[in-house]
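S.K.: Below you'll find my_file-v1.txt; it's compact mmCIF, C-alpha atoms (C1' of nucleotides).
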# COMPACT_ATOMS: atom_id res chain seq x y z
CA MET A 1 11.82 32.55 7.25
CA GLN A 2 12.28 30.65 4.06
CA LEU A 3 10.83 27.25 3.45
CA LYS A 4 13.25 24.33 3.63
CA ARG A 5 12.67 20.79 2.40
CA ALA A 6 13.23 19.44 5.91
CA ASP A 7 10.59 21.75 7.39
CA ILE A 8 8.07 20.69 4.79
CA VAL A 9 8.68 17.04 5.63
CA THR A 10 8.34 17.73 9.35
CA ALA A 11 5.06 19.56 8.84
CA ALA A 12 3.80 16.88 6.48
CA ILE A 13 4.42 14.15 9.06
CA ALA A 14 2.68 16.21 11.72
CA LEU A 15 -0.27 16.61 9.37
CA LEU A 16 -0.20 12.88 8.65
CA ASP A 17 -0.37 12.12 12.37
CA ALA A 18 -3.24 14.56 12.80
CA GLU A 19 -5.39 13.63 9.82
CA GLY A 20 -4.10 10.42 8.29
CA LEU A 21 -2.96 9.82 4.74
CA ASP A 22 -6.32 10.76 3.24
CA GLY A 23 -6.24 14.09 5.05
CA LEU A 24 -2.73 14.90 3.89
CA THR A 25 -3.40 17.40 1.12
CA MET A 26 -1.09 19.95 -0.38
CA ARG A 27 -3.47 22.77 0.55
CA LYS A 28 -3.66 21.79 4.20
CA LEU A 29 0.08 21.34 4.27
CA GLY A 30 0.54 24.79 2.77
CA ALA A 31 -1.76 26.25 5.42
CA ARG A 32 0.33 24.66 8.17
CA LEU A 33 3.46 26.15 6.66
CA GLY A 34 1.88 29.55 6.04
CA VAL A 35 2.27 29.37 2.27
CA GLN A 36 0.18 28.59 -0.76
CA ALA A 37 -0.04 24.96 -1.85
CA GLY A 38 1.78 25.82 -5.04
CA ALA A 39 4.85 26.91 -3.12
CA ILE A 40 5.57 23.32 -2.13
CA TYR A 41 6.13 22.47 -5.78
CA TRP A 42 9.20 24.59 -5.85
CA HIS A 43 10.77 22.18 -3.32
CA PHE A 44 9.25 18.88 -4.39
CA LYS A 45 8.49 17.71 -7.87
CA ASP A 46 5.12 16.35 -6.84
CA LYS A 47 3.24 14.84 -3.93
CA GLU A 48 4.82 11.44 -4.50
CA ALA A 49 8.29 12.90 -4.03
CA LEU A 50 7.13 14.42 -0.77
CA LEU A 51 5.72 11.09 0.38
CA GLY A 52 9.04 9.48 -0.47
CA ALA A 53 10.88 12.01 1.65
CA MET A 54 8.43 11.42 4.48
CA ALA A 55 9.01 7.67 4.34
CA ASP A 56 12.74 8.23 4.34
CA ARG A 57 12.46 10.50 7.36
CA MET A 58 10.53 7.85 9.26
CA ILE A 59 13.17 5.26 8.51
CA GLY A 60 15.84 7.70 9.60
CA GLU A 61 14.14 8.23 12.95
CA SER A 62 14.72 4.57 13.77
CA ALA A 63 18.42 4.57 12.85
CA ASP A 64 19.92 5.67 16.14
CA PRO A 65 21.13 4.76 18.61
CA PRO A 66 23.38 2.33 16.71
CA LEU A 67 22.53 -1.32 17.19
CA ALA A 68 24.02 -2.82 20.32
CA PRO A 69 26.75 -5.36 19.69
CA GLY A 70 25.62 -8.94 19.91
CA THR A 71 24.90 -12.03 17.86
CA TRP A 72 23.74 -11.52 14.29
CA ASP A 73 20.31 -12.92 15.04
CA ALA A 74 19.77 -10.66 18.03
CA GLN A 75 20.84 -7.72 15.89
CA LEU A 76 18.66 -8.67 12.95
CA THR A 77 15.67 -9.14 15.23
CA GLU A 78 16.28 -5.70 16.72
CA TYR A 79 16.68 -4.32 13.20
CA ALA A 80 13.30 -5.65 12.07
CA THR A 81 11.63 -4.60 15.30
CA ARG A 82 12.89 -1.05 14.88
CA ALA A 83 11.58 -0.91 11.35
CA ARG A 84 8.16 -1.94 12.60
CA ARG A 85 8.27 0.63 15.39
CA ALA A 86 9.30 3.33 12.91
CA LEU A 87 6.25 2.66 10.76
CA LEU A 88 3.89 2.33 13.71
CA ALA A 89 5.15 5.61 15.12
CA HIS A 90 3.12 7.60 12.61
CA ARG A 91 -0.46 7.23 11.51
CA ASP A 92 -0.66 5.31 8.23
CA GLY A 93 3.14 5.07 8.32
CA ALA A 94 3.18 1.67 6.65
CA ARG A 95 0.91 2.83 3.83
CA VAL A 96 3.15 5.82 3.20
CA MET A 97 6.14 3.50 2.96
CA ALA A 98 4.35 0.97 0.74
CA GLY A 99 3.00 3.57 -1.64
CA THR A 100 6.32 4.99 -2.64
CA TYR A 101 9.37 3.38 -4.09
CA VAL A 102 11.88 4.96 -1.72
CA GLN A 103 15.46 5.29 -2.82
CA GLU A 104 16.73 7.97 -0.48
CA GLN A 105 19.63 8.26 1.92
CA ASN A 106 18.23 6.90 5.18
CA THR A 107 16.46 4.07 3.46
CA VAL A 108 19.53 3.03 1.51
CA HIS A 109 21.70 3.30 4.60
CA ALA A 110 19.27 1.23 6.61
CA GLY A 111 19.41 -1.41 3.90
CA GLU A 112 23.19 -1.40 3.91
CA MET A 113 23.17 -1.75 7.66
CA GLY A 114 21.02 -4.85 7.43
CA VAL A 115 23.26 -6.34 4.81
CA ARG A 116 26.29 -5.68 6.99
CA ILE A 117 24.78 -7.55 9.94
CA LEU A 118 24.54 -10.60 7.75
CA THR A 119 27.85 -10.36 5.90
CA ASP A 120 29.70 -9.75 9.17
CA ALA A 121 28.29 -13.04 10.34
CA GLY A 122 29.58 -14.73 7.20
CA TYR A 123 26.47 -14.66 5.02
CA PRO A 124 27.22 -14.52 1.28
CA LEU A 125 27.13 -10.90 0.06
CA ASP A 126 25.11 -11.73 -3.05
CA ARG A 127 22.30 -13.23 -0.96
CA ALA A 128 22.36 -10.92 2.06
CA GLY A 129 20.45 -8.27 0.11
CA TRP A 130 17.79 -10.79 -0.79
CA VAL A 131 17.34 -11.64 2.86
CA ILE A 132 17.06 -8.01 3.96
CA PHE A 133 14.52 -7.18 1.28
CA SER A 134 12.45 -10.24 2.18
CA LEU A 135 12.56 -9.22 5.80
CA MET A 136 11.34 -5.75 4.92
CA TYR A 137 8.45 -7.15 2.92
CA TYR A 138 7.33 -9.07 5.97
CA VAL A 139 7.66 -6.03 8.22
CA LEU A 140 5.85 -3.79 5.77
CA GLY A 141 2.99 -6.22 5.17
CA TYR A 142 2.64 -6.84 8.87
CA THR A 143 2.45 -3.19 9.83
CA ILE A 144 0.13 -2.28 6.97
CA GLU A 145 -2.36 -4.72 8.37
CA GLU A 146 -1.66 -3.73 11.94
CA GLN A 147 -2.52 -0.12 11.17
CA ALA A 148 -5.50 -1.06 8.99
CA GLN A 149 -7.10 -3.14 11.71
CA ALA A 150 -7.73 -0.10 13.88
CA GLN A 151 -10.49 1.11 11.58
CA ALA A 152 -11.76 -2.26 10.40
CA GLY A 153 -14.53 -4.47 11.67
CA ASP A 154 -14.42 -8.03 12.85
CA TRP A 155 -13.90 -11.20 10.88
CA GLU A 156 -17.16 -12.71 11.96
CA ASP A 157 -20.68 -12.00 10.80
CA ARG A 158 -19.85 -12.08 7.14
CA GLY A 159 -22.34 -14.75 6.23
CA ILE A 160 -19.57 -17.25 5.86
CA GLU A 161 -19.98 -20.72 7.28
CA ASP A 162 -18.41 -20.90 10.69
CA THR A 163 -15.77 -23.55 10.93
CA ALA A 164 -12.71 -24.33 12.99
CA LEU A 165 -10.65 -22.94 10.12
CA LEU A 166 -12.52 -19.65 10.05
CA SER A 167 -12.21 -19.18 13.77
CA ALA A 168 -8.51 -19.92 13.45
CA MET A 169 -8.31 -17.09 10.92
CA SER A 170 -10.25 -14.63 13.03
CA ASP A 171 -8.24 -15.50 16.10
CA VAL A 172 -5.11 -14.37 14.29
CA VAL A 173 -5.96 -10.69 14.26
CA ARG A 174 -7.02 -10.84 17.88
CA SER A 175 -3.72 -12.24 19.11
CA ASP A 176 -1.01 -10.17 20.73
CA PRO A 177 0.59 -8.11 17.93
CA ASP A 178 4.10 -8.18 19.39
CA GLU A 179 4.03 -11.90 19.91
CA ARG A 180 2.67 -12.62 16.47
CA PHE A 181 5.19 -10.32 14.84
CA ALA A 182 7.99 -12.12 16.65
CA TYR A 183 6.61 -15.49 15.58
CA GLY A 184 6.67 -14.70 11.87
CA LEU A 185 10.05 -13.09 12.26
CA GLY A 186 11.28 -16.26 13.96
CA LEU A 187 10.21 -18.41 11.00
CA PHE A 188 12.32 -16.21 8.83
CA MET A 189 15.31 -16.19 11.12
CA ASP A 190 15.34 -19.98 11.18
CA GLY A 191 15.71 -20.03 7.43
CA VAL A 192 18.53 -17.53 7.59
CA ARG A 193 20.24 -19.55 10.31
CA LEU A 194 20.12 -22.73 8.26
CA ARG A 195 21.58 -21.07 5.18
CA LEU A 196 24.26 -19.39 7.23
CA ALA A 197 25.29 -22.71 8.75
CA GLU A 198 25.47 -24.13 5.22
CA ALA A 199 27.60 -21.26 3.99
CA LEU A 200 30.03 -21.57 6.90
CA SER A 201 30.47 -25.33 6.62
CA MET B 1 -29.72 -4.50 -18.64
CA GLN B 2 -29.46 -3.72 -15.00
CA LEU B 3 -26.21 -3.17 -13.24
CA LYS B 4 -24.97 -6.04 -11.07
CA ARG B 5 -22.22 -5.86 -8.47
CA ALA B 6 -20.22 -8.51 -10.35
CA ASP B 7 -20.35 -6.51 -13.59
CA ILE B 8 -19.11 -3.41 -11.82
CA VAL B 9 -16.17 -5.33 -10.39
CA THR B 10 -15.35 -6.79 -13.80
CA ALA B 11 -15.42 -3.36 -15.43
CA ALA B 12 -13.40 -1.86 -12.59
CA ILE B 13 -10.65 -4.43 -13.01
CA ALA B 14 -10.60 -3.83 -16.75
CA LEU B 15 -10.26 -0.12 -16.08
CA LEU B 16 -7.50 -0.83 -13.56
CA ASP B 17 -5.60 -2.81 -16.17
CA ALA B 18 -6.03 -0.04 -18.71
CA GLU B 19 -5.23 3.00 -16.60
CA GLY B 20 -3.76 1.84 -13.30
CA LEU B 21 -4.98 2.60 -9.81
CA ASP B 22 -4.62 6.36 -10.22
CA GLY B 23 -6.75 6.27 -13.36
CA LEU B 24 -9.48 4.25 -11.70
CA THR B 25 -12.11 6.90 -11.00
CA MET B 26 -15.80 6.50 -10.37
CA ARG B 27 -16.63 8.71 -13.35
CA LYS B 28 -14.54 6.71 -15.80
CA LEU B 29 -15.96 3.52 -14.38
CA GLY B 30 -19.47 4.85 -14.83
CA ALA B 31 -18.68 5.75 -18.42
CA ARG B 32 -17.49 2.21 -19.09
CA LEU B 33 -20.71 0.85 -17.65
CA GLY B 34 -22.90 3.39 -19.42
CA VAL B 35 -24.19 4.96 -16.23
CA GLN B 36 -23.55 8.03 -14.12
CA ALA B 37 -20.85 7.78 -11.46
CA GLY B 38 -23.47 8.18 -8.77
CA ALA B 39 -25.21 4.99 -9.84
CA ILE B 40 -22.32 2.91 -8.54
CA TYR B 41 -23.10 4.11 -5.04
CA TRP B 42 -26.33 2.23 -5.04
CA HIS B 43 -24.30 -1.01 -5.29
CA PHE B 44 -21.23 -0.11 -3.25
CA LYS B 45 -21.07 1.97 -0.12
CA ASP B 46 -18.01 3.82 -1.37
CA LYS B 47 -14.89 3.42 -3.49
CA GLU B 48 -13.09 1.51 -0.77
CA ALA B 49 -15.80 -1.14 -0.74
CA LEU B 50 -15.40 -1.48 -4.49
CA LEU B 51 -11.64 -1.84 -4.16
CA GLY B 52 -12.20 -4.53 -1.55
CA ALA B 53 -14.45 -6.43 -3.92
CA MET B 54 -11.85 -6.07 -6.67
CA ALA B 55 -9.14 -7.48 -4.42
CA ASP B 56 -11.39 -10.36 -3.48
CA ARG B 57 -12.11 -11.09 -7.13
CA MET B 58 -8.40 -11.22 -7.91
CA ILE B 59 -7.82 -13.68 -5.10
CA GLY B 60 -10.74 -15.73 -6.34
CA GLU B 61 -9.24 -15.94 -9.81
CA SER B 62 -6.29 -17.84 -8.39
CA ALA B 63 -8.35 -20.35 -6.44
CA ASP B 64 -8.88 -23.00 -9.09
CA PRO B 65 -7.91 -25.53 -10.17
CA PRO B 66 -7.64 -27.02 -6.69
CA LEU B 67 -4.10 -27.54 -5.46
CA ALA B 68 -2.57 -30.78 -6.66
CA PRO B 69 -2.02 -33.36 -3.96
CA GLY B 70 1.51 -33.53 -2.65
CA THR B 71 3.68 -32.73 0.33
CA TRP B 72 2.66 -29.80 2.52
CA ASP B 73 5.68 -27.78 1.50
CA ALA B 74 5.09 -28.28 -2.20
CA GLN B 75 1.48 -27.23 -1.68
CA LEU B 76 2.34 -24.21 0.43
CA THR B 77 4.90 -23.09 -2.13
CA GLU B 78 2.31 -23.41 -4.89
CA TYR B 79 -0.16 -21.56 -2.69
CA ALA B 80 2.17 -18.59 -2.23
CA THR B 81 3.17 -18.61 -5.87
CA ARG B 82 -0.44 -18.46 -6.97
CA ALA B 83 -1.10 -15.53 -4.67
CA ARG B 84 1.80 -13.67 -6.25
CA ARG B 85 0.57 -14.51 -9.75
CA ALA B 86 -2.92 -13.34 -8.85
CA LEU B 87 -1.62 -9.92 -7.81
CA LEU B 88 0.76 -9.63 -10.75
CA ALA B 89 -2.05 -10.49 -13.15
CA HIS B 90 -3.52 -7.00 -12.87
CA ARG B 91 -1.86 -3.63 -12.99
CA ASP B 92 -1.27 -2.30 -9.46
CA GLY B 93 -2.88 -5.49 -8.17
CA ALA B 94 -0.69 -5.58 -5.09
CA ARG B 95 -1.45 -1.97 -4.19
CA VAL B 96 -5.17 -2.64 -4.51
CA MET B 97 -4.81 -5.57 -2.13
CA ALA B 98 -2.64 -3.66 0.32
CA GLY B 99 -4.87 -0.61 0.40
CA THR B 100 -7.96 -2.41 1.56
CA TYR B 101 -8.60 -4.58 4.56
CA VAL B 102 -10.30 -7.41 2.70
CA GLN B 103 -12.67 -9.68 4.59
CA GLU B 104 -14.66 -11.18 1.78
CA GLN B 105 -15.52 -14.71 0.70
CA ASN B 106 -12.69 -15.60 -1.63
CA THR B 107 -10.08 -14.06 0.60
CA VAL B 108 -11.34 -15.82 3.69
CA HIS B 109 -11.62 -19.11 1.83
CA ALA B 110 -8.09 -18.74 0.51
CA GLY B 111 -6.90 -18.16 4.04
CA GLU B 112 -8.73 -21.23 5.28
CA MET B 113 -7.20 -23.26 2.49
CA GLY B 114 -3.71 -22.24 3.57
CA VAL B 115 -4.45 -23.10 7.15
CA ARG B 116 -5.72 -26.50 6.08
CA ILE B 117 -2.52 -27.30 4.23
CA LEU B 118 -0.64 -26.81 7.47
CA THR B 119 -3.05 -28.47 9.88
CA ASP B 120 -3.36 -31.52 7.61
CA ALA B 121 0.40 -31.84 7.92
CA GLY B 122 0.10 -31.74 11.69
CA TYR B 123 0.82 -28.07 12.36
CA PRO B 124 -0.89 -26.70 15.48
CA LEU B 125 -4.18 -25.02 14.54
CA ASP B 126 -3.57 -22.01 16.74
CA ARG B 127 -0.32 -21.21 14.95
CA ALA B 128 -1.21 -22.18 11.38
CA GLY B 129 -3.09 -18.91 10.92
CA TRP B 130 -0.06 -16.96 12.05
CA VAL B 131 2.05 -18.72 9.47
CA ILE B 132 -0.39 -18.08 6.63
CA PHE B 133 -0.72 -14.40 7.48
CA SER B 134 3.06 -14.03 7.67
CA LEU B 135 3.38 -15.72 4.32
CA MET B 136 0.85 -13.33 2.82
CA TYR B 137 2.70 -10.32 4.16
CA TYR B 138 5.79 -11.49 2.38
CA VAL B 139 3.93 -12.11 -0.86
CA LEU B 140 2.16 -8.77 -0.68
CA GLY B 141 5.31 -6.80 0.10
CA TYR B 142 7.21 -8.59 -2.61
CA THR B 143 4.66 -7.94 -5.34
CA ILE B 144 4.07 -4.33 -4.29
CA GLU B 145 7.73 -3.71 -4.97
CA GLU B 146 7.76 -5.84 -8.05
CA GLN B 147 5.00 -3.77 -9.60
CA ALA B 148 6.47 -0.49 -8.39
CA GLN B 149 9.83 -1.17 -9.98
CA ALA B 150 8.39 -0.95 -13.44
CA GLN B 151 7.95 2.80 -13.20
CA ALA B 152 10.92 3.53 -10.92
CA GLY B 153 14.45 4.56 -11.68
CA ASP B 154 17.69 2.88 -10.77
CA TRP B 155 19.35 2.63 -7.39
CA GLU B 156 22.50 4.31 -8.55
CA ASP B 157 23.25 7.96 -9.18
CA ARG B 158 21.68 9.17 -5.99
CA GLY B 159 24.76 10.93 -4.69
CA ILE B 160 25.36 8.18 -2.21
CA GLU B 161 28.84 6.84 -1.66
CA ASP B 162 29.37 3.76 -3.75
CA THR B 163 30.31 0.77 -1.69
CA ALA B 164 30.17 -2.98 -1.90
CA LEU B 165 27.12 -2.81 0.34
CA LEU B 166 25.33 -0.36 -1.93
CA SER B 167 26.00 -2.41 -5.00
CA ALA B 168 24.72 -5.46 -3.14
CA MET B 169 21.50 -3.53 -2.55
CA SER B 170 21.13 -2.39 -6.11
CA ASP B 171 21.87 -5.86 -7.44
CA VAL B 172 18.85 -7.15 -5.56
CA VAL B 173 16.27 -5.45 -7.72
CA ARG B 174 18.11 -6.51 -10.86
CA SER B 175 18.04 -10.20 -10.00
CA ASP B 176 15.59 -12.68 -11.46
CA PRO B 177 12.22 -11.98 -9.79
CA ASP B 178 11.05 -15.58 -9.73
CA GLU B 179 14.29 -16.82 -8.25
CA ARG B 180 14.41 -14.12 -5.61
CA PHE B 181 10.77 -14.69 -4.68
CA ALA B 182 11.48 -18.39 -4.25
CA TYR B 183 14.52 -17.64 -2.12
CA GLY B 184 12.63 -15.54 0.42
CA LEU B 185 9.82 -18.05 0.40
CA GLY B 186 12.38 -20.77 1.10
CA LEU B 187 13.66 -18.97 4.21
CA PHE B 188 10.15 -18.96 5.47
CA MET B 189 9.45 -22.58 4.64
CA ASP B 190 12.53 -23.66 6.55
CA GLY B 191 11.16 -22.03 9.67
CA VAL B 192 7.82 -23.74 9.18
CA ARG B 193 9.54 -27.07 8.64
CA LEU B 194 11.51 -26.77 11.88
CA ARG B 195 8.44 -25.93 13.94
CA LEU B 196 6.44 -28.70 12.32
CA ALA B 197 9.14 -31.23 13.19
CA GLU B 198 9.05 -29.94 16.74
CA ALA B 199 5.29 -30.25 16.94
CA LEU B 200 5.34 -33.80 15.60
CA SER B 201 8.07 -35.06 17.91
C1' DA C 1 15.49 32.20 -5.95
C1' DC C 2 11.27 31.67 -3.93
C1' DC C 3 6.41 32.51 -3.43
C1' DT C 4 1.45 34.40 -4.60
C1' DG C 5 -2.95 34.31 -6.96
C1' DA C 6 -5.60 32.30 -9.68
C1' DA C 7 -6.84 29.19 -12.67
C1' DC C 8 -7.33 24.29 -15.03
C1' DA C 9 -8.93 19.90 -15.05
C1' DC C 10 -10.34 17.04 -12.47
C1' DC C 11 -12.02 14.17 -8.01
C1' DG C 12 -15.54 11.22 -4.40
C1' DT C 13 -19.94 11.57 -2.69
C1' DT C 14 -24.81 12.98 -1.96
C1' DC C 15 -29.50 13.45 -3.05
C1' DA C 16 -33.86 15.22 -4.89
C1' DA C 17 -36.18 13.79 -8.64
C1' DG C 18 -37.43 10.65 -12.11
C1' DT C 19 -38.88 5.82 -13.91
C1' DA D 1 -35.55 -0.78 -6.79
C1' DC D 2 -32.44 1.50 -9.51
C1' DC D 3 -30.62 5.41 -11.95
C1' DT D 4 -30.13 10.55 -13.63
C1' DG D 5 -28.72 15.33 -13.16
C1' DA D 6 -26.70 18.34 -10.87
C1' DA D 7 -24.57 20.04 -7.30
C1' DC D 8 -21.13 20.30 -3.07
C1' DA D 9 -16.81 20.42 -1.33
C1' DC D 10 -12.97 19.48 -2.37
C1' DC D 11 -8.34 17.74 -4.97
C1' DG D 12 -3.08 17.95 -7.47
C1' DT D 13 -0.68 20.71 -10.44
C1' DT D 14 0.76 24.68 -13.35
C1' DC D 15 2.28 29.20 -14.24
C1' DA D 16 2.32 34.16 -15.13
C1' DA D 17 3.38 37.59 -12.18
C1' DG D 18 5.36 39.53 -8.22
C1' DT D 19 9.43 40.36 -4.77
Show the structure stored in the file as structure tokens.

M.R.:
Amino acid sequence: MQLKRADIVTAAIALLDAEGLDGLTMRKLGARLGVQAGAIYWHFKDKEALLGAMADRMIGESADPPLAPGTWDAQLTEYATRARRALLAHRDGARVMAGTYVQEQNTVHAGEMGVRILTDAGYPLDRAGWVIFSLMYYVLGYTIEEQAQAQAGDWEDRGIEDTALLSAMSDVVRSDPDERFAYGLGLFMDGVRLRLAEALS
Amino acid sequence: MQLKRADIVTAAIALLDAEGLDGLTMRKLGARLGVQAGAIYWHFKDKEALLGAMADRMIGESADPPLAPGTWDAQLTEYATRARRALLAHRDGARVMAGTYVQEQNTVHAGEMGVRILTDAGYPLDRAGWVIFSLMYYVLGYTIEEQAQAQAGDWEDRGIEDTALLSAMSDVVRSDPDERFAYGLGLFMDGVRLRLAEALS
DNA sequence: ACCTGAACACCGTTCAAGT
DNA sequence: ACCTGAACACCGTTCAAGT
């Protein structure tokens, strides 16, 4: 059977899950596909292009089922939550996404979908994109750290003077991830709500 | 003269600026310092530890002068803006920060400083850390993309159906970076403002 | 058109040995 | 304590040659 782009991406994500981003090498990927590493270069310009396709696949996996009808803020919350889940679904998923400037189908469509949630609610078209991008930055940053924490140590014992402030900082990463994600998302949503009310008045 | 950790970090950042993150290798760094690559491993456990120290140095560079007195929201805006500037100041600065789970002095102190801005204004201590982390995720995500855009192509000509939504997406990355950064930051600040008012009432 | 084999030009990291 | 020299075990990428 001949190698297809889609199969390479599937195998690459499986390899990512098994060995992490540092273990994702073209040689190991070739071995999984039963070809030489060089063969992959006939299908992808370079490793970065492959990583871009992997990121786009991950985003695509979170696209269906279509968002349930509802208020714009319920939809946007679900939208952001799905993006987080999509990145958490694969080892180092957030780092893969952050490391590549993705401009592929699923990613673009996901962006358009977000913009539509807002414009349907009456948000100005020329600012809806700004909101969606900002939201994605939050989601990306959050999940990068969430996945990094697994293999990181604690915040204490760093020879830094212990204060109420420091313990407030170290408590952050020990809090419930879902709850904390929702909290930051809520800050954001409040801002969107205010601007929407302004635009509609 | 003997090698000091601080000198290694300084040289590493200079090399980063000159060649980018992909060009930052232990051998080239050694050459800049006039030592073998292996010598660096006496001072840093591995490359990741060095990258962490580099990230911490960058954060440190944005710490002074102390924030001017003023309202909490003016201070927090300045705080976030400085963080962005700190990452933009060095090539691939945001990617360096994102790639390492930094828990060093300057970074911790910067975090504490952010928390203090909020708690001084009356924000609950156990939520101030959540706010500051969320803010940093936004800043990090924003600057990662900002620095990635330099070497990326356009959003058009990808064989995707051209719609008003798509052009809204592609307009985003063409907008004024400072203005768009401030806009997303503003969404966030509104949420903080609302919760602060709640806490004070 | 699609892949192999083999090479090129590198990497990060380790470690005996030197000073 | 701090660094050299040299090796180990890899990398991403290219490209003539095969089918």

S.K.: Tell me, counting all atoms listed in the file, for each residue of chain D within 10 Å of chain B, which pair of atoms is nearest and how far apart they are in Å to one decimal, in rows ordered by chain and increasing number, as JSON lines.

M.R.:
{"residue": "D:DA1", "atom": "C1'", "partner": "B:Trp42", "partner_atom": "CA", "distance": 9.9}
{"residue": "D:DC2", "atom": "C1'", "partner": "B:Trp42", "partner_atom": "CA", "distance": 7.6}
{"residue": "D:DC3", "atom": "C1'", "partner": "B:Ala39", "partner_atom": "CA", "distance": 5.8}
{"residue": "D:DT4", "atom": "C1'", "partner": "B:Gln36", "partner_atom": "CA", "distance": 7.1}
{"residue": "D:DG5", "atom": "C1'", "partner": "B:Gln36", "partner_atom": "CA", "distance": 9.0}

S.K.: Store the residues of this selection in a file with C-alpha atoms (C1' of nucleotides), as a tab-separated table (two decimals), in the coordinates of the input.

M.R.:
chain	number	residue	atom	x	y	z
D	1	DA	C1'	-35.55	-0.78	-6.79
D	2	DC	C1'	-32.44	1.50	-9.51
D	3	DC	C1'	-30.62	5.41	-11.95
D	4	DT	C1'	-30.13	10.55	-13.63
D	5	DG	C1'	-28.72	15.33	-13.16

S.K.: So that I can check the surroundings of DA6 in chain D, please list as a PyMOL selection string every protein, DNA and RNA residue that reaches within 10 Å of it, counting only C-alpha atoms (C1' of nucleotides) and ignoring chain neighbours fewer than 2 positions away.

M.R.: (chain C and resi 15-16) or (chain D and resi 4+8)

S.K.: Neighbouring residues of DA9 in chain C were defined as those with any atom within 12 Å, considering only C-alpha atoms (C1' of nucleotides); residues of the same chain fewer than 5 positions away were excluded. Please report them as an MDAnalysis selection string.

M.R.: chainID D and resid 11:14

S.K.: Select residues of chain A: the criterion is any atom within 7 Å of an atom of chain B, counting only C-alpha atoms; output as a list in words.

M.R.: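 Residues satisfying the distance criterion: Tyr101, Gln103, Glu112, Val115, Leu125, Asp126, Gly129, Trp130, Val131, Ser134, Tyr137, Tyr138, Leu140, Gly141, Tyr142, Ala148, Trp155, Leu165, Leu166, Ala168, Met169, Val172, Arg180, Gly184, Leu187, Phe188, Asp190, Gly191 and Val192 of chain A.
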
S.K.: Between CA of Leu21 in chain B and CA of Ala150 in chain B, what is the spacing in Å?

M.R.: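 CA of Leu21 in chain B lies at a distance of 14.3 Å from CA of Ala150 in chain B.
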
S.K.: Would you mind reading off the distance between CA of Ala110 in chain A and CA of Ser62 in chain A, one decimal, in Å?

M.R.: 9.1 Å

S.K.: At what distance in Å, to one decimal, does CA of Leu196 in chain A lie from CA of Gly122 in chain A?

M.R.: 7.1 Å

S.K.: For Ala89 in chain B, work out the shell of residues within 10 Å, counting all atoms listed in the file and skipping chain neighbours fewer than 5 positions away, then give it as a PyMOL selection string.

M.R.: chain B and resi 17+58+61-62+83-84+94
